[in-house]
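S.K.: Got a structure for you, run-v7.txt, holding compact mmCIF, C-alpha atoms.
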# COMPACT_ATOMS: atom_id res chain seq x y z
CA MET I 99 0.00 0.00 0.00
CA PRO I 100 1.23 3.57 -0.68
CA TYR I 101 2.18 5.57 2.37
CA PRO I 102 -0.65 7.75 3.76
CA ILE I 103 0.07 11.45 3.36
CA GLU I 104 1.10 11.66 7.03
CA ASP I 105 4.04 9.37 6.24
CA LYS I 106 5.00 10.85 2.89
CA LEU I 107 7.59 13.50 2.20
CA VAL I 108 5.29 16.19 0.81
CA ILE I 109 6.35 19.32 -1.03
CA ALA I 110 3.79 22.02 -1.74
CA VAL I 111 4.42 24.18 -4.78
CA ALA I 112 2.70 27.28 -6.12
CA SER I 113 1.96 27.44 -9.83
CA SER I 114 4.26 30.49 -9.94
CA ALA I 115 7.21 28.27 -8.98
CA LEU I 116 6.29 25.25 -11.07
CA PHE I 117 5.51 27.06 -14.33
CA ASP I 118 6.50 30.23 -16.18
CA LEU I 119 3.55 32.55 -15.52
CA ARG I 120 5.17 35.85 -16.48
CA GLU I 121 2.91 36.45 -19.46
CA SER I 122 -0.24 35.51 -17.55
CA ASP I 123 0.75 37.65 -14.56
CA GLN I 124 1.32 40.64 -16.83
CA VAL I 125 -2.24 40.32 -18.10
CA PHE I 126 -3.51 40.19 -14.51
CA ARG I 127 -1.49 43.23 -13.41
CA GLU I 128 -2.30 45.39 -16.43
CA GLN I 129 -5.87 44.35 -17.23
CA GLY I 130 -7.32 42.82 -14.06
CA PRO I 131 -8.90 39.50 -13.01
CA ILE I 132 -11.65 39.34 -15.65
CA ALA I 133 -9.17 39.77 -18.51
CA TYR I 134 -6.87 37.25 -16.79
CA ARG I 135 -9.66 34.69 -16.65
CA THR I 136 -10.45 35.25 -20.34
CA TYR I 137 -6.77 34.99 -21.24
CA GLN I 138 -6.38 31.65 -19.47
CA ALA I 139 -9.54 30.29 -21.08
CA ASN I 140 -8.32 31.35 -24.53
CA HIS I 141 -4.96 29.64 -23.91
CA LEU I 142 -6.32 26.55 -22.19
CA GLU I 143 -4.81 24.18 -24.75
CA GLN I 144 -1.42 25.91 -24.70
CA PRO I 145 0.77 24.26 -22.02
CA LEU I 146 2.65 26.55 -19.67
CA GLY I 147 6.43 26.54 -19.90
CA LYS I 148 8.69 25.18 -17.19
CA GLY I 149 9.28 27.30 -14.12
CA VAL I 150 12.33 27.42 -11.86
CA ALA I 151 11.08 24.58 -9.62
CA PHE I 152 10.08 22.30 -12.50
CA PRO I 153 13.38 20.33 -12.85
CA PHE I 154 13.44 19.82 -9.07
CA VAL I 155 9.80 18.67 -8.93
CA ARG I 156 10.09 16.31 -11.89
CA ARG I 157 13.07 14.50 -10.40
CA PHE I 158 11.55 14.49 -6.92
CA LEU I 159 8.44 12.72 -8.25
CA SER I 160 10.62 10.14 -10.02
CA LEU I 161 11.35 8.66 -6.58
CA ASN I 162 7.85 7.17 -6.68
CA THR I 163 8.73 5.39 -9.92
CA ARG I 164 11.78 3.89 -8.24
CA PHE I 165 9.72 2.83 -5.21
CA PRO I 166 6.27 2.03 -6.62
CA GLU I 167 5.14 0.03 -3.59
CA GLU I 168 5.90 2.76 -1.06
CA LYS I 169 5.38 5.87 -3.21
CA PRO I 170 7.14 7.83 -0.46
CA VAL I 171 6.88 11.36 -1.90
CA GLU I 172 4.14 13.66 -3.10
CA VAL I 173 3.82 17.12 -4.62
CA VAL I 174 0.73 19.20 -3.86
CA LEU I 175 -0.27 22.32 -5.79
CA LEU I 176 -1.17 25.34 -3.61
CA SER I 177 -2.45 28.12 -5.83
CA ARG I 178 -3.86 31.62 -5.58
CA ASN I 179 -5.81 30.89 -8.77
CA SER I 180 -9.48 30.02 -8.77
CA ALA I 181 -10.36 26.49 -9.81
CA ILE I 182 -11.55 27.82 -13.19
CA THR I 183 -8.38 29.76 -14.00
CA GLY I 184 -6.38 26.85 -12.56
CA LYS I 185 -7.66 24.52 -15.29
CA ARG I 186 -4.73 25.55 -17.49
CA VAL I 187 -2.28 24.73 -14.71
CA PHE I 188 -3.63 21.19 -14.36
CA ARG I 189 -3.70 20.77 -18.14
CA SER I 190 -0.02 21.77 -18.11
CA ILE I 191 0.73 19.31 -15.31
CA GLU I 192 -0.82 16.55 -17.43
CA HIS I 193 1.02 17.70 -20.55
CA HIS I 194 4.39 17.53 -18.79
CA GLY I 195 3.61 14.12 -17.28
CA LEU I 196 3.82 15.20 -13.63
CA ASP I 197 2.07 12.95 -11.12
CA ILE I 198 0.31 15.70 -9.16
CA SER I 199 -3.29 15.09 -8.15
CA ARG I 200 -3.89 17.07 -4.95
CA ALA I 201 -4.42 20.82 -5.11
CA ALA I 202 -5.93 23.81 -3.35
CA PHE I 203 -7.23 26.80 -5.34
CA LEU I 204 -7.76 29.84 -3.15
CA GLU I 205 -9.07 32.48 -5.60
CA GLY I 206 -6.63 35.22 -4.68
CA LYS I 207 -5.99 34.28 -1.06
CA SER I 208 -2.58 33.26 0.20
CA PRO I 209 -2.26 29.46 0.40
CA TYR I 210 0.28 29.39 3.24
CA PRO I 211 -2.22 28.44 6.04
CA TYR I 212 -2.73 25.08 4.34
CA ILE I 213 0.93 24.01 4.50
CA PRO I 214 0.46 21.91 7.68
CA ALA I 215 -2.90 20.55 6.48
CA PHE I 216 -1.07 18.85 3.60
CA ASN I 217 1.82 17.75 5.86
CA ALA I 218 4.22 19.69 3.64
CA ALA I 219 7.88 19.80 4.61
CA LEU I 220 8.40 22.66 2.14
CA PHE I 221 6.34 25.28 0.31
CA LEU I 222 7.87 26.80 -2.82
CA SER I 223 6.47 30.00 -4.33
CA ALA I 224 7.58 33.00 -6.35
CA ASN I 225 5.33 35.19 -4.16
CA GLU I 226 7.59 36.74 -1.51
CA GLY I 227 4.66 37.88 0.62
CA ASP I 228 3.20 34.39 0.86
CA VAL I 229 6.57 32.91 1.80
CA SER I 230 7.29 35.58 4.44
CA LYS I 231 3.91 34.96 6.07
CA ALA I 232 4.56 31.23 6.09
CA ILE I 233 7.95 31.70 7.78
CA ASP I 234 6.41 34.09 10.33
CA TYR I 235 4.01 31.31 11.32
CA GLY I 236 6.82 28.79 11.61
CA TYR I 237 6.05 26.95 8.37
CA PRO I 238 8.84 25.73 6.03
CA ALA I 239 8.82 27.91 2.94
CA GLY I 240 11.10 29.52 0.38
CA THR I 241 10.91 32.11 -2.37
CA VAL I 242 11.98 30.78 -5.76
CA LEU I 243 14.14 33.42 -7.46
CA ARG I 244 14.12 33.88 -11.20
CA THR I 245 16.95 32.01 -12.90
CA GLN I 246 17.47 30.19 -16.16
CA ILE I 247 15.62 26.90 -16.51
CA VAL I 248 18.10 24.06 -17.02
CA ASP I 249 16.44 20.63 -17.21
CA ASP I 250 18.70 17.99 -18.70
CA GLU I 251 16.34 15.03 -19.14
CA ALA I 252 19.31 12.70 -19.64
CA ASP I 253 20.41 13.47 -16.06
CA PRO I 254 18.09 11.64 -13.61
CA GLU I 255 19.93 12.67 -10.43
CA LEU I 256 18.27 15.11 -8.01
CA ARG I 257 20.82 17.36 -6.33
CA ILE I 258 19.65 19.51 -3.39
CA ALA I 259 21.98 21.93 -1.60
CA PHE I 260 21.42 23.77 1.67
CA ASP I 261 23.08 26.54 3.60
CA PHE I 262 23.30 25.62 7.29
CA ASP I 263 22.67 28.53 9.68
CA GLY I 264 19.21 30.06 9.29
CA VAL I 265 18.11 27.26 6.94
CA ILE I 266 18.71 23.81 8.44
CA ALA I 267 19.62 25.14 11.88
CA ASP I 268 18.21 28.14 13.72
CA ASP I 269 19.95 31.51 13.60
CA ALA I 270 21.33 31.58 17.18
CA SER I 271 24.94 31.17 16.05
CA GLU I 272 24.44 33.60 13.19
CA ARG I 273 23.39 36.20 15.76
CA ILE I 274 26.64 35.60 17.68
CA TYR I 275 28.59 36.09 14.45
CA LYS I 276 26.82 39.33 13.55
CA ASP I 277 27.10 40.77 17.06
CA GLY I 278 30.80 40.12 17.56
CA GLU I 279 34.10 39.20 15.95
CA LEU I 280 34.84 36.06 13.98
CA GLU I 281 37.02 34.82 16.84
CA ASP I 282 34.10 35.22 19.26
CA PHE I 283 31.95 33.13 16.94
CA HIS I 284 34.57 30.37 16.70
CA GLN I 285 35.01 30.30 20.48
CA HIS I 286 31.27 30.11 21.01
CA GLU I 287 30.82 27.26 18.52
CA THR I 288 33.86 25.36 19.81
CA SER I 289 32.57 25.53 23.38
CA LYS I 290 29.22 24.14 22.19
CA ALA I 291 30.59 21.66 19.66
CA HIS I 292 28.90 18.80 21.53
CA ILE I 293 25.48 20.52 21.64
CA PRO I 294 23.23 20.17 18.58
CA HIS I 295 21.61 23.26 17.15
CA GLU I 296 17.91 23.91 17.45
CA PRO I 297 16.07 23.20 14.18
CA GLY I 298 15.71 25.84 11.48
CA PRO I 299 12.93 26.18 8.90
CA LEU I 300 14.10 23.28 6.70
CA ALA I 301 15.32 20.89 9.40
CA ASP I 302 12.33 18.61 8.93
CA LEU I 303 12.86 18.58 5.16
CA ILE I 304 16.45 17.38 5.35
CA ARG I 305 15.54 14.80 8.00
CA ARG I 306 12.80 13.41 5.77
CA LEU I 307 15.16 13.41 2.80
CA SER I 308 17.43 11.20 4.89
CA LEU I 309 14.60 8.66 5.12
CA ILE I 310 14.45 8.61 1.32
CA GLN I 311 18.21 8.10 1.25
CA ALA I 312 17.72 5.13 3.59
CA LEU I 313 15.32 3.62 1.04
CA GLU I 314 17.97 4.08 -1.62
CA ASN I 315 20.59 2.50 0.64
CA LYS I 316 18.39 -0.61 0.94
CA ALA I 317 17.90 -0.67 -2.83
CA LEU I 318 21.67 -0.54 -3.28
CA ASP I 319 22.11 -3.40 -0.81
CA ARG I 320 19.70 -5.49 -2.88
CA ASP I 321 21.18 -4.49 -6.23
CA ALA I 322 24.78 -3.29 -6.57
CA GLY I 323 23.88 -1.76 -9.92
CA TYR I 324 21.21 0.53 -8.46
CA LYS I 325 21.73 4.19 -9.42
CA ARG I 326 20.80 6.68 -6.73
CA ILE I 327 18.46 9.55 -7.54
CA LEU I 328 18.91 11.74 -4.45
CA ARG I 329 22.12 13.59 -3.60
CA THR I 330 22.24 16.17 -0.80
CA ALA I 331 24.86 18.77 0.01
CA ILE I 332 25.47 21.39 2.68
CA VAL I 333 27.33 24.48 1.55
CA THR I 334 28.19 26.72 4.50
CA ALA I 335 30.44 29.72 5.04
CA ARG I 336 31.71 28.11 8.24
CA ASN I 337 35.15 26.56 8.51
CA ALA I 338 37.21 24.89 11.24
CA PRO I 339 36.93 25.08 14.21
CA SER I 340 33.21 25.95 13.95
CA HIS I 341 32.61 22.98 11.62
CA GLU I 342 32.31 20.38 14.38
CA ARG I 343 28.98 21.63 15.73
CA VAL I 344 27.50 21.27 12.24
CA ILE I 345 28.53 17.61 12.18
CA THR I 346 27.24 17.09 15.74
CA THR I 347 23.86 18.49 14.72
CA LEU I 348 23.57 16.31 11.63
CA GLU I 349 24.55 13.21 13.60
CA HIS I 350 22.01 14.03 16.32
CA TRP I 351 19.25 14.33 13.71
CA GLY I 352 20.29 11.19 11.84
CA VAL I 353 21.15 13.18 8.73
CA ASP I 354 23.96 11.96 6.49
CA ALA I 355 24.51 14.54 3.74
CA ASN I 356 26.37 13.20 0.73
CA GLU I 357 28.64 16.24 0.55
CA VAL I 358 29.48 18.98 3.04
CA PHE I 359 31.48 22.08 2.13
CA PHE I 360 33.05 24.34 4.80
CA LEU I 361 34.05 27.38 2.75
CA GLY I 362 35.44 29.81 5.32
CA GLY I 363 34.00 32.82 3.51
CA MET I 364 34.65 31.68 -0.07
CA ARG I 365 31.91 32.61 -2.52
CA LYS I 366 29.40 29.79 -2.63
CA ARG I 367 28.86 30.06 -6.34
CA ARG I 368 32.34 28.55 -6.88
CA ILE I 369 30.97 25.30 -5.44
CA LEU I 370 27.44 25.58 -6.80
CA GLU I 371 28.57 25.96 -10.39
CA VAL I 372 30.41 22.64 -10.10
CA LEU I 373 27.75 20.85 -8.03
CA LYS I 374 24.89 22.17 -10.23
CA PRO I 375 22.10 21.58 -7.69
CA HIS I 376 18.51 21.58 -8.86
CA MET I 377 17.73 23.73 -5.83
CA PHE I 378 19.91 25.70 -3.41
CA PHE I 379 18.42 27.10 -0.19
CA ASP I 380 20.00 30.06 1.62
CA ASP I 381 18.74 32.67 4.09
CA GLN I 382 20.88 35.47 2.62
CA ARG I 383 20.07 36.91 -0.79
CA SER I 384 23.67 38.06 -1.21
CA HIS I 385 24.67 34.39 -1.42
CA LEU I 386 22.01 33.58 -3.99
CA GLU I 387 23.89 34.30 -7.15
CA SER I 388 25.53 32.25 -9.86
CA GLN I 389 27.45 33.24 -12.92
CA GLY I 390 25.07 32.92 -15.85
CA GLY I 391 22.12 32.52 -13.47
CA GLU I 392 21.88 28.76 -14.03
CA VAL I 393 21.61 27.58 -10.42
CA PRO I 394 18.00 27.56 -9.12
CA MET I 395 17.97 29.63 -5.96
CA VAL I 396 15.48 29.69 -3.09
CA HIS I 397 15.53 32.42 -0.45
CA ILE I 398 14.51 31.43 3.09
CA PRO I 399 13.48 34.75 4.71
CA PHE I 400 14.23 33.62 8.25
CA GLY I 401 16.19 34.98 11.18
CA VAL I 402 18.63 37.77 11.84
CA ALA I 403 19.92 37.87 8.26
CA ASN I 404 16.50 39.07 7.14
CA GLN I 405 15.74 41.59 9.88
When written as structure tokens, how does the structure in this file appear?
M.R.:
Amino acid sequence: MPYPIEDKLVIAVASSALFDLRESDQVFREQGPIAYRTYQANHLEQPLGKGVAFPFVRRFLSLNTRFPEEKPVEVVLLSRNSAITGKRVFRSIEHHGLDISRAAFLEGKSPYPYIPAFNAALFLSANEGDVSKAIDYGYPAGTVLRTQIVDDEADPELRIAFDFDGVIADDASERIYKDGELEDFHQHETSKAHIPHEPGPLADLIRRLSLIQALENKALDRDAGYKRILRTAIVTARNAPSHERVITTLEHWGVDANEVFFLGGMRKRRILEVLKPHMFFDDQRSHLESQGGEVPMVHIPFGVANQ
């Protein structure tokens, strides 16, 4: 039997993150909701183009193909559209072959209150206001920033990269860093190297991803030729000696990231342009850049870095 939704790793996505809605949104802004509704009806048979989150979502859903008995993941659509104007979105989902069946259409209202109702470990949207409200209520959410859409269908691997402080962990240490000198920060983290951090907005997401990795580990035990789908990385500005508390935290949570980078202030894009993640999560917009704009970036508006 498939897992009930309470046991699945669920990601909620807004249509603005999944598809390219720039043209539709322009009609809404310039001509209003009636013209927008007419526009969508007139273009009902024209599939929407891929949005920034599309390559991530497509690969994420492929985990159900690998594990058809468990079907451990699900994507839910949370949309500000009405059900009528959302018809084109679902037609586009079908056109692109995405296995998405659950949705909420809120007719202009923010969908963030429904994140826990769908057991979502992440809500992705291009609407900064919706994401900020979600974070304020303690829900896991990120703003998808506009980048180039790179979706190599010959590459089945799903690569997900995270910053640490203010994303996976809370921002307590980041506050120490901003309030003092680098040496004070290192001393603080060294003295607490044995104490795990409190969870940040995406702590539950990375813990649930580790459960998917455990499924892949079992598949590899059964079949040495099994090719993993999921690959996780942590890319943090920390370096030794503040690195040890990061490792302590991951061990305490049962998280085993495939790759961890302690950059000591190096620009993160130098790693990201080699790693080529399908999504990179960071709480600081200044870190969310890549030469050529080919790395999909998600801003987590949490903590002291966003005050």
S.K.: Hey, which of I:Arg326, I:His341, I:Arg135, I:Arg189 ends up closest to His292 (chain I)? Count all atoms listed in the file.
M.R.: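 Of I:Arg326, I:His341, I:Arg135, I:Arg189, the one nearest His292 (chain I) is I:His341, counting all atoms listed in the file.
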S.K.: With all atoms listed in the file as the counted atoms, please give the residues lying no more than 10 Å from region 123-134 of chain I, apart from itself and same-chain residues fewer than 4 positions off, as a PyMOL selection string.
M.R.: chain I and resi 114+118-119+138-140+183+206
S.K.: Those selected residues, please, written with C-alpha atoms and delivered as a CSV table (one decimal), in the frame of the given file.
M.R.:
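Contents of the output file part_12.csv:
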chain,number,residue,atom,x,y,z
I,114,SER,CA,4.3,30.5,-9.9
I,118,ASP,CA,6.5,30.2,-16.2
I,119,LEU,CA,3.6,32.6,-15.5
I,138,GLN,CA,-6.4,31.6,-19.5
I,139,ALA,CA,-9.5,30.3,-21.1
I,140,ASN,CA,-8.3,31.4,-24.5
I,183,THR,CA,-8.4,29.8,-14.0
I,206,GLY,CA,-6.6,35.2,-4.7
S.K.: Please, what distance in Å, to one decimal, runs between CA of His284 (chain I) and CA of Ala335 (chain I)?
M.R.: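 Calculated distance between CA of His284 (chain I) and CA of Ala335 (chain I) is 12.4 Å.
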S.K.: Pull the closest atom pair for each residue of region 107-184 of chain I that gets at most 10 Å from region 212-215 of chain I, along with the distance in Å to one decimal, counting only C-alpha atoms, ordering rows by chain and then ascending residue number, as CSV.
M.R.:
residue,atom,partner,partner_atom,distance
I:Val108,CA,I:Ile213,CA,9.7
I:Ile109,CA,I:Ile213,CA,9.1
I:Ala110,CA,I:Ile213,CA,7.1
I:Val111,CA,I:Ile213,CA,9.9
I:Val174,CA,I:Ile213,CA,9.6
I:Leu176,CA,I:Tyr212,CA,8.1
S.K.: Enter the distance from CA of Tyr210 (chain I) to CA of Ile233 (chain I), in Å, rounded to one decimal.
M.R.: 9.2 Å
S.K.: Grab the CA of Val393 (chain I) to CA of Asn337 (chain I) distance for me, in Å with one decimal place.
M.R.: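 CA of Asn337 (chain I) lies 23.3 Å from CA of Val393 (chain I).
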S.K.: For Glu143 (chain I), which residue among I:Lys316, I:His376, I:Arg336, I:Arg186 is the nearest when counting only C-alpha atoms?
M.R.: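 Smallest distance to Glu143 (chain I) is found for I:Arg186.
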S.K.: Just checking: using only C-alpha atoms, which residue out of I:Phe154, I:Phe216, I:Tyr275, I:Phe400 ends up closest to Ser340 (chain I)?
M.R.: I:Tyr275
S.K.: Pick out the closest residue to Asp282 (chain I) from this set: I:Pro339, I:Gly184, I:Pro209, I:Asp249. Count all atoms listed in the file.
M.R.: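 For Asp282 (chain I), the nearest of the candidates is I:Pro339.
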S.K.: Add whatever atoms are absent from region 337-355 of chain I to reach N, CA and C atoms, and provide the output as a JSON list (two decimals), in the coordinates of the input.
M.R.:
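Final file, selection-v5.json:
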[["chain", "number", "residue", "atom", "x", "y", "z"],
["I", 337, "ASN", "N", 33.96, 27.38, 8.69],
["I", 337, "ASN", "CA", 35.15, 26.56, 8.51],
["I", 337, "ASN", "C", 35.61, 26.10, 9.88],
["I", 338, "ALA", "N", 36.69, 25.33, 9.95],
["I", 338, "ALA", "CA", 37.21, 24.89, 11.24],
["I", 338, "ALA", "C", 37.66, 26.13, 12.03],
["I", 339, "PRO", "N", 37.41, 26.17, 13.34],
["I", 339, "PRO", "CA", 36.93, 25.08, 14.21],
["I", 339, "PRO", "C", 35.40, 25.04, 14.41],
["I", 340, "SER", "N", 34.66, 25.92, 13.73],
["I", 340, "SER", "CA", 33.21, 25.95, 13.95],
["I", 340, "SER", "C", 32.49, 24.85, 13.18],
["I", 341, "HIS", "N", 33.22, 24.04, 12.43],
["I", 341, "HIS", "CA", 32.61, 22.98, 11.62],
["I", 341, "HIS", "C", 32.02, 21.86, 12.47],
["I", 342, "GLU", "N", 32.65, 21.60, 13.65],
["I", 342, "GLU", "CA", 32.31, 20.38, 14.38],
["I", 342, "GLU", "C", 30.87, 20.39, 14.88],
["I", 343, "ARG", "N", 30.36, 21.57, 15.23],
["I", 343, "ARG", "CA", 28.98, 21.63, 15.73],
["I", 343, "ARG", "C", 27.97, 21.31, 14.61],
["I", 344, "VAL", "N", 28.33, 21.65, 13.38],
["I", 344, "VAL", "CA", 27.50, 21.27, 12.24],
["I", 344, "VAL", "C", 27.38, 19.76, 12.17],
["I", 345, "ILE", "N", 28.51, 19.07, 12.27],
["I", 345, "ILE", "CA", 28.53, 17.61, 12.18],
["I", 345, "ILE", "C", 27.78, 17.00, 13.36],
["I", 346, "THR", "N", 27.97, 17.57, 14.56],
["I", 346, "THR", "CA", 27.24, 17.09, 15.74],
["I", 346, "THR", "C", 25.74, 17.17, 15.52],
["I", 347, "THR", "N", 25.29, 18.28, 14.96],
["I", 347, "THR", "CA", 23.86, 18.49, 14.72],
["I", 347, "THR", "C", 23.31, 17.48, 13.73],
["I", 348, "LEU", "N", 24.02, 17.27, 12.64],
["I", 348, "LEU", "CA", 23.57, 16.31, 11.63],
["I", 348, "LEU", "C", 23.52, 14.90, 12.20],
["I", 349, "GLU", "N", 24.54, 14.54, 12.97],
["I", 349, "GLU", "CA", 24.55, 13.21, 13.60],
["I", 349, "GLU", "C", 23.38, 13.04, 14.56],
["I", 350, "HIS", "N", 23.10, 14.08, 15.34],
["I", 350, "HIS", "CA", 22.01, 14.03, 16.32],
["I", 350, "HIS", "C", 20.67, 13.84, 15.62],
["I", 351, "TRP", "N", 20.51, 14.43, 14.45],
["I", 351, "TRP", "CA", 19.25, 14.33, 13.71],
["I", 351, "TRP", "C", 19.18, 13.10, 12.81],
["I", 352, "GLY", "N", 20.26, 12.35, 12.72],
["I", 352, "GLY", "CA", 20.29, 11.19, 11.84],
["I", 352, "GLY", "C", 20.39, 11.56, 10.37],
["I", 353, "VAL", "N", 21.01, 12.70, 10.11],
["I", 353, "VAL", "CA", 21.15, 13.18, 8.73],
["I", 353, "VAL", "C", 22.57, 12.89, 8.25],
["I", 354, "ASP", "N", 22.66, 12.28, 7.08],
["I", 354, "ASP", "CA", 23.96, 11.96, 6.49],
["I", 354, "ASP", "C", 24.03, 12.59, 5.11],
["I", 355, "ALA", "N", 24.41, 13.86, 5.03],
["I", 355, "ALA", "CA", 24.51, 14.54, 3.74],
["I", 355, "ALA", "C", 25.61, 13.90, 2.91]]
